[in-house]
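Data from model21.cif: mmCIF, N, CA and C atoms
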```cif
data_model
loop_
_atom_site.label_atom_id
_atom_site.label_comp_id
_atom_site.auth_asym_id
_atom_site.auth_seq_id
_atom_site.Cartn_x
_atom_site.Cartn_y
_atom_site.Cartn_z
N MET U 1 15.75 7.53 -20.04
CA MET U 1 17.14 7.47 -20.42
C MET U 1 17.87 6.46 -19.54
N ASP U 2 18.80 5.77 -20.12
CA ASP U 2 19.57 4.77 -19.39
C ASP U 2 20.50 5.48 -18.41
N THR U 3 20.48 5.02 -17.17
CA THR U 3 21.31 5.64 -16.14
C THR U 3 22.73 5.08 -16.09
N LEU U 4 22.98 4.02 -16.81
CA LEU U 4 24.30 3.41 -16.80
C LEU U 4 25.09 3.81 -18.05
N PRO U 5 26.40 3.96 -17.90
CA PRO U 5 27.22 4.21 -19.09
C PRO U 5 27.20 2.99 -20.01
N PRO U 6 27.42 3.18 -21.32
CA PRO U 6 27.33 2.05 -22.26
C PRO U 6 28.20 0.84 -21.90
N GLY U 7 29.40 1.07 -21.40
CA GLY U 7 30.26 -0.05 -21.01
C GLY U 7 29.67 -0.88 -19.88
N GLN U 8 29.08 -0.21 -18.88
CA GLN U 8 28.45 -0.90 -17.75
C GLN U 8 27.21 -1.65 -18.22
N ARG U 9 26.39 -1.02 -19.08
CA ARG U 9 25.19 -1.67 -19.59
C ARG U 9 25.58 -2.92 -20.38
N SER U 10 26.60 -2.82 -21.20
CA SER U 10 27.07 -3.96 -21.99
C SER U 10 27.51 -5.10 -21.07
N TRP U 11 28.24 -4.77 -20.02
CA TRP U 11 28.70 -5.78 -19.07
C TRP U 11 27.50 -6.45 -18.40
N ASN U 12 26.51 -5.64 -17.98
CA ASN U 12 25.31 -6.19 -17.34
C ASN U 12 24.59 -7.16 -18.28
N MET U 13 24.42 -6.75 -19.53
CA MET U 13 23.70 -7.59 -20.49
C MET U 13 24.47 -8.87 -20.80
N SER U 14 25.78 -8.81 -20.77
CA SER U 14 26.59 -10.00 -21.05
C SER U 14 26.46 -11.06 -19.95
N ARG U 15 25.98 -10.66 -18.79
CA ARG U 15 25.82 -11.59 -17.67
C ARG U 15 24.50 -12.35 -17.69
N ILE U 16 23.61 -12.02 -18.64
CA ILE U 16 22.34 -12.71 -18.74
C ILE U 16 22.59 -14.04 -19.42
N ARG U 17 22.29 -15.11 -18.69
CA ARG U 17 22.60 -16.45 -19.20
C ARG U 17 21.47 -17.01 -20.05
N GLY U 18 21.82 -17.87 -20.97
CA GLY U 18 20.83 -18.51 -21.82
C GLY U 18 20.58 -19.96 -21.44
N LYS U 19 21.47 -20.52 -20.64
CA LYS U 19 21.28 -21.90 -20.20
C LYS U 19 21.73 -22.01 -18.75
N ASN U 20 21.27 -23.07 -18.11
CA ASN U 20 21.55 -23.31 -16.69
C ASN U 20 21.13 -22.14 -15.82
N THR U 21 19.97 -21.56 -16.14
CA THR U 21 19.43 -20.48 -15.32
C THR U 21 18.83 -21.07 -14.05
N LYS U 22 18.60 -20.25 -13.05
CA LYS U 22 18.03 -20.75 -11.79
C LYS U 22 16.69 -21.45 -12.00
N PRO U 23 15.76 -20.87 -12.77
CA PRO U 23 14.49 -21.58 -12.99
C PRO U 23 14.69 -22.93 -13.69
N GLU U 24 15.58 -22.96 -14.67
CA GLU U 24 15.84 -24.20 -15.39
C GLU U 24 16.44 -25.26 -14.46
N LEU U 25 17.40 -24.87 -13.65
CA LEU U 25 18.01 -25.80 -12.70
C LEU U 25 16.98 -26.32 -11.69
N ALA U 26 16.07 -25.44 -11.27
CA ALA U 26 15.03 -25.85 -10.32
C ALA U 26 14.12 -26.91 -10.94
N VAL U 27 13.69 -26.70 -12.17
CA VAL U 27 12.82 -27.66 -12.85
C VAL U 27 13.56 -28.98 -13.05
N ARG U 28 14.80 -28.92 -13.52
CA ARG U 28 15.57 -30.15 -13.72
C ARG U 28 15.74 -30.92 -12.42
N SER U 29 16.05 -30.21 -11.35
CA SER U 29 16.25 -30.86 -10.06
C SER U 29 14.97 -31.56 -9.59
N MET U 30 13.84 -30.87 -9.70
CA MET U 30 12.58 -31.46 -9.24
C MET U 30 12.18 -32.66 -10.11
N LEU U 31 12.36 -32.53 -11.43
CA LEU U 31 12.03 -33.66 -12.31
C LEU U 31 12.90 -34.87 -11.97
N HIS U 32 14.17 -34.64 -11.73
CA HIS U 32 15.08 -35.73 -11.40
C HIS U 32 14.69 -36.39 -10.08
N ARG U 33 14.32 -35.58 -9.10
CA ARG U 33 13.90 -36.15 -7.80
C ARG U 33 12.66 -37.01 -7.93
N LEU U 34 11.79 -36.67 -8.89
CA LEU U 34 10.58 -37.47 -9.10
C LEU U 34 10.84 -38.71 -9.95
N GLY U 35 12.07 -38.90 -10.40
CA GLY U 35 12.42 -40.10 -11.13
C GLY U 35 12.42 -39.97 -12.64
N TYR U 36 12.18 -38.78 -13.14
CA TYR U 36 12.22 -38.58 -14.59
C TYR U 36 13.66 -38.51 -15.06
N ARG U 37 13.92 -39.13 -16.19
CA ARG U 37 15.25 -39.08 -16.77
C ARG U 37 15.16 -38.33 -18.08
N PHE U 38 16.12 -37.47 -18.32
CA PHE U 38 16.02 -36.56 -19.44
C PHE U 38 17.37 -36.19 -20.00
N ARG U 39 17.35 -35.55 -21.12
CA ARG U 39 18.54 -34.98 -21.76
C ARG U 39 18.41 -33.47 -21.67
N ILE U 40 19.54 -32.78 -21.80
CA ILE U 40 19.55 -31.33 -21.71
C ILE U 40 19.89 -30.73 -23.07
N ALA U 41 19.08 -29.76 -23.51
CA ALA U 41 19.35 -28.94 -24.69
C ALA U 41 19.78 -29.74 -25.91
N ASP U 42 18.87 -30.54 -26.44
CA ASP U 42 19.15 -31.31 -27.65
C ASP U 42 19.14 -30.38 -28.86
N LYS U 43 20.31 -30.18 -29.44
CA LYS U 43 20.45 -29.24 -30.55
C LYS U 43 19.79 -29.74 -31.84
N LYS U 44 19.45 -31.02 -31.88
CA LYS U 44 18.84 -31.58 -33.08
C LYS U 44 17.36 -31.21 -33.18
N LEU U 45 16.75 -30.85 -32.07
CA LEU U 45 15.32 -30.52 -32.07
C LEU U 45 15.11 -29.02 -32.27
N PRO U 46 14.01 -28.64 -32.92
CA PRO U 46 13.73 -27.22 -33.13
C PRO U 46 13.66 -26.46 -31.80
N GLY U 47 14.32 -25.33 -31.74
CA GLY U 47 14.28 -24.49 -30.55
C GLY U 47 15.24 -24.89 -29.46
N LYS U 48 15.97 -25.97 -29.65
CA LYS U 48 16.91 -26.48 -28.65
C LYS U 48 16.25 -26.48 -27.26
N PRO U 49 15.27 -27.37 -27.04
CA PRO U 49 14.54 -27.40 -25.77
C PRO U 49 15.46 -27.54 -24.58
N ASP U 50 15.06 -26.93 -23.46
CA ASP U 50 15.87 -26.98 -22.24
C ASP U 50 15.97 -28.40 -21.70
N ILE U 51 14.85 -29.12 -21.74
CA ILE U 51 14.80 -30.48 -21.20
C ILE U 51 14.09 -31.37 -22.22
N VAL U 52 14.69 -32.52 -22.52
CA VAL U 52 14.09 -33.47 -23.45
C VAL U 52 13.86 -34.78 -22.72
N LEU U 53 12.63 -35.26 -22.75
CA LEU U 53 12.26 -36.53 -22.12
C LEU U 53 11.93 -37.52 -23.23
N PRO U 54 12.92 -38.26 -23.73
CA PRO U 54 12.71 -39.15 -24.88
C PRO U 54 11.64 -40.22 -24.65
N LYS U 55 11.59 -40.78 -23.45
CA LYS U 55 10.62 -41.83 -23.14
C LYS U 55 9.19 -41.35 -23.36
N TYR U 56 8.95 -40.08 -23.08
CA TYR U 56 7.62 -39.48 -23.18
C TYR U 56 7.43 -38.75 -24.51
N ARG U 57 8.51 -38.67 -25.27
CA ARG U 57 8.51 -37.90 -26.51
C ARG U 57 7.98 -36.49 -26.22
N ALA U 58 8.54 -35.91 -25.17
CA ALA U 58 8.13 -34.59 -24.71
C ALA U 58 9.36 -33.71 -24.47
N VAL U 59 9.16 -32.42 -24.59
CA VAL U 59 10.22 -31.46 -24.31
C VAL U 59 9.67 -30.37 -23.39
N VAL U 60 10.56 -29.81 -22.59
CA VAL U 60 10.17 -28.73 -21.68
C VAL U 60 11.02 -27.50 -21.99
N PHE U 61 10.33 -26.40 -22.21
CA PHE U 61 11.00 -25.11 -22.36
C PHE U 61 10.78 -24.34 -21.07
N VAL U 62 11.84 -23.85 -20.46
CA VAL U 62 11.72 -23.00 -19.28
C VAL U 62 11.95 -21.58 -19.77
N HIS U 63 10.85 -20.84 -19.93
CA HIS U 63 10.91 -19.51 -20.52
C HIS U 63 10.99 -18.42 -19.47
N GLY U 64 11.86 -17.47 -19.72
CA GLY U 64 11.90 -16.25 -18.92
C GLY U 64 10.76 -15.35 -19.36
N CYS U 65 10.02 -14.81 -18.41
CA CYS U 65 8.84 -14.01 -18.73
C CYS U 65 9.20 -12.75 -19.53
N PHE U 66 10.33 -12.13 -19.23
CA PHE U 66 10.74 -10.91 -19.91
C PHE U 66 11.06 -11.18 -21.37
N TRP U 67 11.91 -12.15 -21.63
CA TRP U 67 12.38 -12.40 -23.00
C TRP U 67 11.34 -13.04 -23.88
N HIS U 68 10.47 -13.87 -23.31
CA HIS U 68 9.51 -14.62 -24.11
C HIS U 68 8.09 -14.07 -24.00
N ARG U 69 7.92 -12.94 -23.31
CA ARG U 69 6.68 -12.17 -23.26
C ARG U 69 5.50 -12.95 -22.70
N HIS U 70 5.62 -13.37 -21.46
CA HIS U 70 4.53 -14.06 -20.78
C HIS U 70 3.36 -13.09 -20.61
N THR U 71 2.27 -13.38 -21.29
CA THR U 71 1.11 -12.50 -21.32
C THR U 71 0.55 -12.29 -19.91
N GLY U 72 0.36 -11.02 -19.54
CA GLY U 72 -0.23 -10.68 -18.25
C GLY U 72 0.72 -10.75 -17.07
N CYS U 73 1.96 -11.02 -17.30
CA CYS U 73 2.94 -11.18 -16.21
C CYS U 73 3.63 -9.85 -15.93
N LYS U 74 3.86 -9.58 -14.66
CA LYS U 74 4.52 -8.32 -14.30
C LYS U 74 5.99 -8.30 -14.72
N TYR U 75 6.57 -9.44 -14.95
CA TYR U 75 7.97 -9.50 -15.37
C TYR U 75 8.13 -9.26 -16.88
N ALA U 76 7.03 -9.24 -17.61
CA ALA U 76 7.09 -9.05 -19.06
C ALA U 76 6.93 -7.57 -19.42
N TYR U 77 7.61 -6.72 -18.70
CA TYR U 77 7.52 -5.29 -18.96
C TYR U 77 8.39 -4.92 -20.17
N THR U 78 8.14 -3.77 -20.73
CA THR U 78 8.93 -3.29 -21.86
C THR U 78 9.78 -2.12 -21.38
N PRO U 79 11.08 -2.15 -21.65
CA PRO U 79 11.94 -1.04 -21.24
C PRO U 79 11.45 0.29 -21.84
N LYS U 80 11.70 1.36 -21.12
CA LYS U 80 11.22 2.68 -21.53
C LYS U 80 12.08 3.31 -22.62
N THR U 81 13.32 2.86 -22.77
CA THR U 81 14.19 3.41 -23.81
C THR U 81 14.29 2.43 -24.97
N ARG U 82 14.58 2.94 -26.13
CA ARG U 82 14.73 2.15 -27.35
C ARG U 82 13.55 1.22 -27.57
N CYS U 83 12.35 1.78 -27.44
CA CYS U 83 11.11 1.00 -27.52
C CYS U 83 10.98 0.22 -28.82
N GLU U 84 11.35 0.85 -29.94
CA GLU U 84 11.23 0.17 -31.22
C GLU U 84 12.14 -1.06 -31.29
N PHE U 85 13.37 -0.91 -30.81
CA PHE U 85 14.31 -2.04 -30.78
C PHE U 85 13.72 -3.19 -29.97
N TRP U 86 13.26 -2.88 -28.76
CA TRP U 86 12.75 -3.93 -27.87
C TRP U 86 11.49 -4.57 -28.45
N SER U 87 10.65 -3.75 -29.05
CA SER U 87 9.43 -4.28 -29.65
C SER U 87 9.76 -5.30 -30.73
N GLN U 88 10.69 -4.95 -31.61
CA GLN U 88 11.09 -5.88 -32.67
C GLN U 88 11.74 -7.13 -32.10
N LYS U 89 12.57 -6.97 -31.09
CA LYS U 89 13.26 -8.08 -30.45
C LYS U 89 12.25 -9.07 -29.86
N PHE U 90 11.29 -8.52 -29.11
CA PHE U 90 10.29 -9.38 -28.47
C PHE U 90 9.39 -10.07 -29.49
N GLU U 91 9.00 -9.34 -30.54
CA GLU U 91 8.16 -9.94 -31.58
C GLU U 91 8.89 -11.10 -32.25
N ALA U 92 10.16 -10.91 -32.52
CA ALA U 92 10.96 -11.99 -33.14
C ALA U 92 11.06 -13.19 -32.21
N ASN U 93 11.25 -12.95 -30.92
CA ASN U 93 11.33 -14.05 -29.95
C ASN U 93 10.04 -14.85 -29.92
N VAL U 94 8.91 -14.15 -29.84
CA VAL U 94 7.61 -14.81 -29.76
C VAL U 94 7.33 -15.59 -31.04
N LEU U 95 7.63 -14.99 -32.19
CA LEU U 95 7.42 -15.68 -33.46
C LEU U 95 8.28 -16.93 -33.56
N ARG U 96 9.54 -16.84 -33.15
CA ARG U 96 10.45 -17.99 -33.16
C ARG U 96 9.92 -19.09 -32.23
N ASP U 97 9.44 -18.71 -31.04
CA ASP U 97 8.89 -19.69 -30.10
C ASP U 97 7.70 -20.41 -30.72
N GLU U 98 6.78 -19.66 -31.33
CA GLU U 98 5.60 -20.27 -31.94
C GLU U 98 5.99 -21.23 -33.07
N THR U 99 6.95 -20.81 -33.88
CA THR U 99 7.42 -21.66 -34.98
C THR U 99 8.03 -22.95 -34.45
N ASN U 100 8.88 -22.84 -33.43
CA ASN U 100 9.52 -24.03 -32.87
C ASN U 100 8.51 -24.97 -32.24
N LEU U 101 7.52 -24.44 -31.52
CA LEU U 101 6.49 -25.29 -30.92
C LEU U 101 5.70 -26.02 -32.01
N SER U 102 5.39 -25.32 -33.07
CA SER U 102 4.66 -25.92 -34.18
C SER U 102 5.47 -27.03 -34.85
N LEU U 103 6.75 -26.78 -35.07
CA LEU U 103 7.62 -27.79 -35.67
C LEU U 103 7.73 -29.03 -34.79
N LEU U 104 7.83 -28.83 -33.50
CA LEU U 104 7.92 -29.96 -32.57
C LEU U 104 6.64 -30.79 -32.59
N LYS U 105 5.50 -30.12 -32.57
CA LYS U 105 4.21 -30.83 -32.61
C LYS U 105 4.08 -31.63 -33.89
N THR U 106 4.46 -31.02 -35.00
CA THR U 106 4.40 -31.70 -36.30
C THR U 106 5.28 -32.95 -36.30
N ALA U 107 6.41 -32.88 -35.61
CA ALA U 107 7.34 -34.02 -35.55
C ALA U 107 6.92 -35.06 -34.51
N GLY U 108 5.79 -34.84 -33.84
CA GLY U 108 5.29 -35.83 -32.88
C GLY U 108 5.76 -35.63 -31.45
N TRP U 109 6.35 -34.49 -31.15
CA TRP U 109 6.80 -34.20 -29.79
C TRP U 109 5.74 -33.40 -29.05
N LEU U 110 5.71 -33.56 -27.74
CA LEU U 110 4.81 -32.78 -26.90
C LEU U 110 5.61 -31.66 -26.24
N PRO U 111 5.42 -30.41 -26.68
CA PRO U 111 6.14 -29.31 -26.04
C PRO U 111 5.38 -28.81 -24.81
N ILE U 112 6.11 -28.60 -23.73
CA ILE U 112 5.56 -28.07 -22.48
C ILE U 112 6.34 -26.79 -22.16
N VAL U 113 5.61 -25.70 -21.91
CA VAL U 113 6.25 -24.45 -21.57
C VAL U 113 6.04 -24.17 -20.08
N VAL U 114 7.14 -23.93 -19.38
CA VAL U 114 7.10 -23.56 -17.97
C VAL U 114 7.64 -22.15 -17.87
N TRP U 115 6.89 -21.26 -17.22
CA TRP U 115 7.28 -19.87 -17.11
C TRP U 115 8.06 -19.61 -15.83
N GLU U 116 9.00 -18.71 -15.93
CA GLU U 116 9.85 -18.32 -14.80
C GLU U 116 9.01 -17.93 -13.58
N CYS U 117 7.95 -17.14 -13.77
CA CYS U 117 7.15 -16.68 -12.64
C CYS U 117 6.38 -17.82 -11.98
N GLU U 118 6.01 -18.85 -12.75
CA GLU U 118 5.33 -20.02 -12.18
C GLU U 118 6.23 -20.71 -11.17
N ILE U 119 7.49 -20.81 -11.52
CA ILE U 119 8.46 -21.49 -10.65
C ILE U 119 8.71 -20.65 -9.41
N LYS U 120 8.80 -19.33 -9.58
CA LYS U 120 9.03 -18.45 -8.44
C LYS U 120 7.89 -18.50 -7.44
N HIS U 121 6.65 -18.52 -7.96
CA HIS U 121 5.49 -18.42 -7.08
C HIS U 121 5.04 -19.75 -6.49
N ASP U 122 5.08 -20.82 -7.28
CA ASP U 122 4.64 -22.12 -6.76
C ASP U 122 5.27 -23.24 -7.59
N ALA U 123 6.50 -23.54 -7.27
CA ALA U 123 7.25 -24.54 -8.03
C ALA U 123 6.62 -25.93 -7.92
N VAL U 124 6.08 -26.25 -6.76
CA VAL U 124 5.49 -27.59 -6.56
C VAL U 124 4.27 -27.77 -7.46
N ALA U 125 3.40 -26.76 -7.52
CA ALA U 125 2.21 -26.85 -8.37
C ALA U 125 2.60 -26.92 -9.84
N THR U 126 3.60 -26.16 -10.22
CA THR U 126 4.08 -26.18 -11.60
C THR U 126 4.60 -27.56 -11.97
N LEU U 127 5.39 -28.13 -11.10
CA LEU U 127 5.93 -29.45 -11.36
C LEU U 127 4.81 -30.49 -11.38
N GLY U 128 3.81 -30.32 -10.54
CA GLY U 128 2.66 -31.22 -10.56
C GLY U 128 1.95 -31.18 -11.89
N ARG U 129 1.80 -29.99 -12.45
CA ARG U 129 1.17 -29.84 -13.76
C ARG U 129 1.98 -30.56 -14.84
N VAL U 130 3.29 -30.36 -14.82
CA VAL U 130 4.17 -31.00 -15.80
C VAL U 130 4.11 -32.51 -15.65
N SER U 131 4.13 -32.99 -14.43
CA SER U 131 4.11 -34.43 -14.17
C SER U 131 2.80 -35.05 -14.67
N LYS U 132 1.66 -34.38 -14.44
CA LYS U 132 0.37 -34.90 -14.92
C LYS U 132 0.36 -34.99 -16.44
N VAL U 133 0.88 -33.96 -17.10
CA VAL U 133 0.94 -33.96 -18.56
C VAL U 133 1.80 -35.11 -19.05
N LEU U 134 2.93 -35.34 -18.39
CA LEU U 134 3.82 -36.43 -18.81
C LEU U 134 3.19 -37.80 -18.58
N GLN U 135 2.48 -37.96 -17.48
CA GLN U 135 1.83 -39.25 -17.22
C GLN U 135 0.73 -39.54 -18.24
N ARG U 136 -0.05 -38.50 -18.60
CA ARG U 136 -1.07 -38.67 -19.63
C ARG U 136 -0.42 -39.03 -20.97
N ARG U 137 0.71 -38.40 -21.24
CA ARG U 137 1.43 -38.66 -22.49
C ARG U 137 1.92 -40.10 -22.54
N LEU U 138 2.45 -40.60 -21.42
CA LEU U 138 2.95 -41.97 -21.37
C LEU U 138 1.81 -42.97 -21.60
N LYS U 139 0.66 -42.72 -21.01
CA LYS U 139 -0.49 -43.60 -21.21
C LYS U 139 -0.91 -43.61 -22.68
N LYS U 140 -0.89 -42.42 -23.29
CA LYS U 140 -1.29 -42.30 -24.69
C LYS U 140 -0.29 -43.04 -25.60
N LEU U 141 1.00 -42.95 -25.29
CA LEU U 141 2.01 -43.62 -26.10
C LEU U 141 1.98 -45.13 -25.95
N SER U 142 1.60 -45.60 -24.76
CA SER U 142 1.63 -47.05 -24.52
C SER U 142 0.38 -47.76 -25.03
N VAL U 143 -0.62 -47.02 -25.43
CA VAL U 143 -1.86 -47.64 -25.94
C VAL U 143 -1.71 -48.09 -27.36
#
```
For the file at hand, write its structure as structure tokens.
Amino acid sequence: MDTLPPGQRSWNMSRIRGKNTKPELAVRSMLHRLGYRFRIADKKLPGKPDIVLPKYRAVVFVHGCFWHRHTGCKYAYTPKTRCEFWSQKFEANVLRDETNLSLLKTAGWLPIVVWECEIKHDAVATLGRVSKVLQRRLKKLSV
């Protein structure tokens, strides 16, 4: 059972941000320091990616493990109350993510997913992975 009154729970949920989250800001900051130039949240692309790198024809999604159901992650827990609601919510989120990634690939974009827990545990390694993928992409585009 929820220990908070409905008004307090509503207020708490309203504080969950969808953009400019700490993990997203961390990734943007590190990419910028490495010299990558990008756009933020291009509404014209499927899924409104968090970071768009036009030169590389690549996009980066910074996913929260809870909302986007990072498989095997301790942050991807399911609340104990209203299980059916949460189950449907999470299934819809995952399906929407898969659809958007597929649409981006079909349109010739390279989607990269960065998970919240990756940034928390080892941001440097995560950024290294993203940077390697982008460099390979640039070589492929320039050939």
Give me, please, the distance in Å between CA of Leu53 in chain U and CA of Trp67 in chain U, quoted to one decimal.
24.1 Å
To verify the selection step, state as a PyMOL selection string which residues the PyMOL selection byres (((chain U and resi 63 and name CA) around 9) and name CA) yields on this input.
chain U and resi 23-24+61-62+64-70+113-116
CA of Pro46 in chain U and CA of Glu98 in chain U, how far apart in Å?
10.8 Å
Output as a ChimeraX atom specification all residues of chain U that backbone DSSP marks as strand (DSSP E or B).
/U:39-40,51-53,58-63,110-115
Which residues, written as a list in words, have at least one atom at most 10 Å from Pro54 in chain U, with only C-alpha atoms counted and residues fewer than 2 positions away on the same chain left out?
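With the cut-off at 10 Å, the set is Arg37, Phe38, Arg39, Ile51, Val52, Tyr56, Arg57, Ala58, Val59 and Trp109 of chain U.
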Would you give the centre and edge lengths, in Å to one decimal, of a box along x, y and z around the listed atoms of range 118-130 of chain U, with 3 Å added to each side, as AutoDock Vina command-line options?
```
--center_x 5.1 --center_y -25.5 --center_z -11.1 --size_x 13.9 --size_y 20.1 --size_z 15.3
```
Report as a PyMOL selection string: the residues of chain U with a DSSP assignment of alpha helix (DSSP H), based on the backbone of this structure.
chain U and resi 6-14+22-33+65-68+83-106+116-142
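Here the question is which of U:Val94, U:Ser10, U:Arg28, U:Lys48 gets nearest to Val130 in chain U using only C-alpha atoms, and that residue is U:Arg28.
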Atom C of Leu104 in chain U to atom N of Leu138 in chain U measures 15.4 Å
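Closest approach to Asn93 in chain U among U:Gly47, U:Val27, U:Asn12, U:Cys73: U:Gly47, based on only C-alpha atoms.
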Please tell me which residues are no farther than 9 Å from (1.6, -30.2, -19.8) in the file, counting only C-alpha atoms, and write them as a ChimeraX atom specification.
/U:60,110-114,129-134,136-137
Top pick for closest residue to Asp50 in chain U, considering U:Arg96, U:His121, U:Lys19, U:Lys139 and counting only C-alpha atoms:
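Result for the nearest residue to Asp50 in chain U: U:Lys19.
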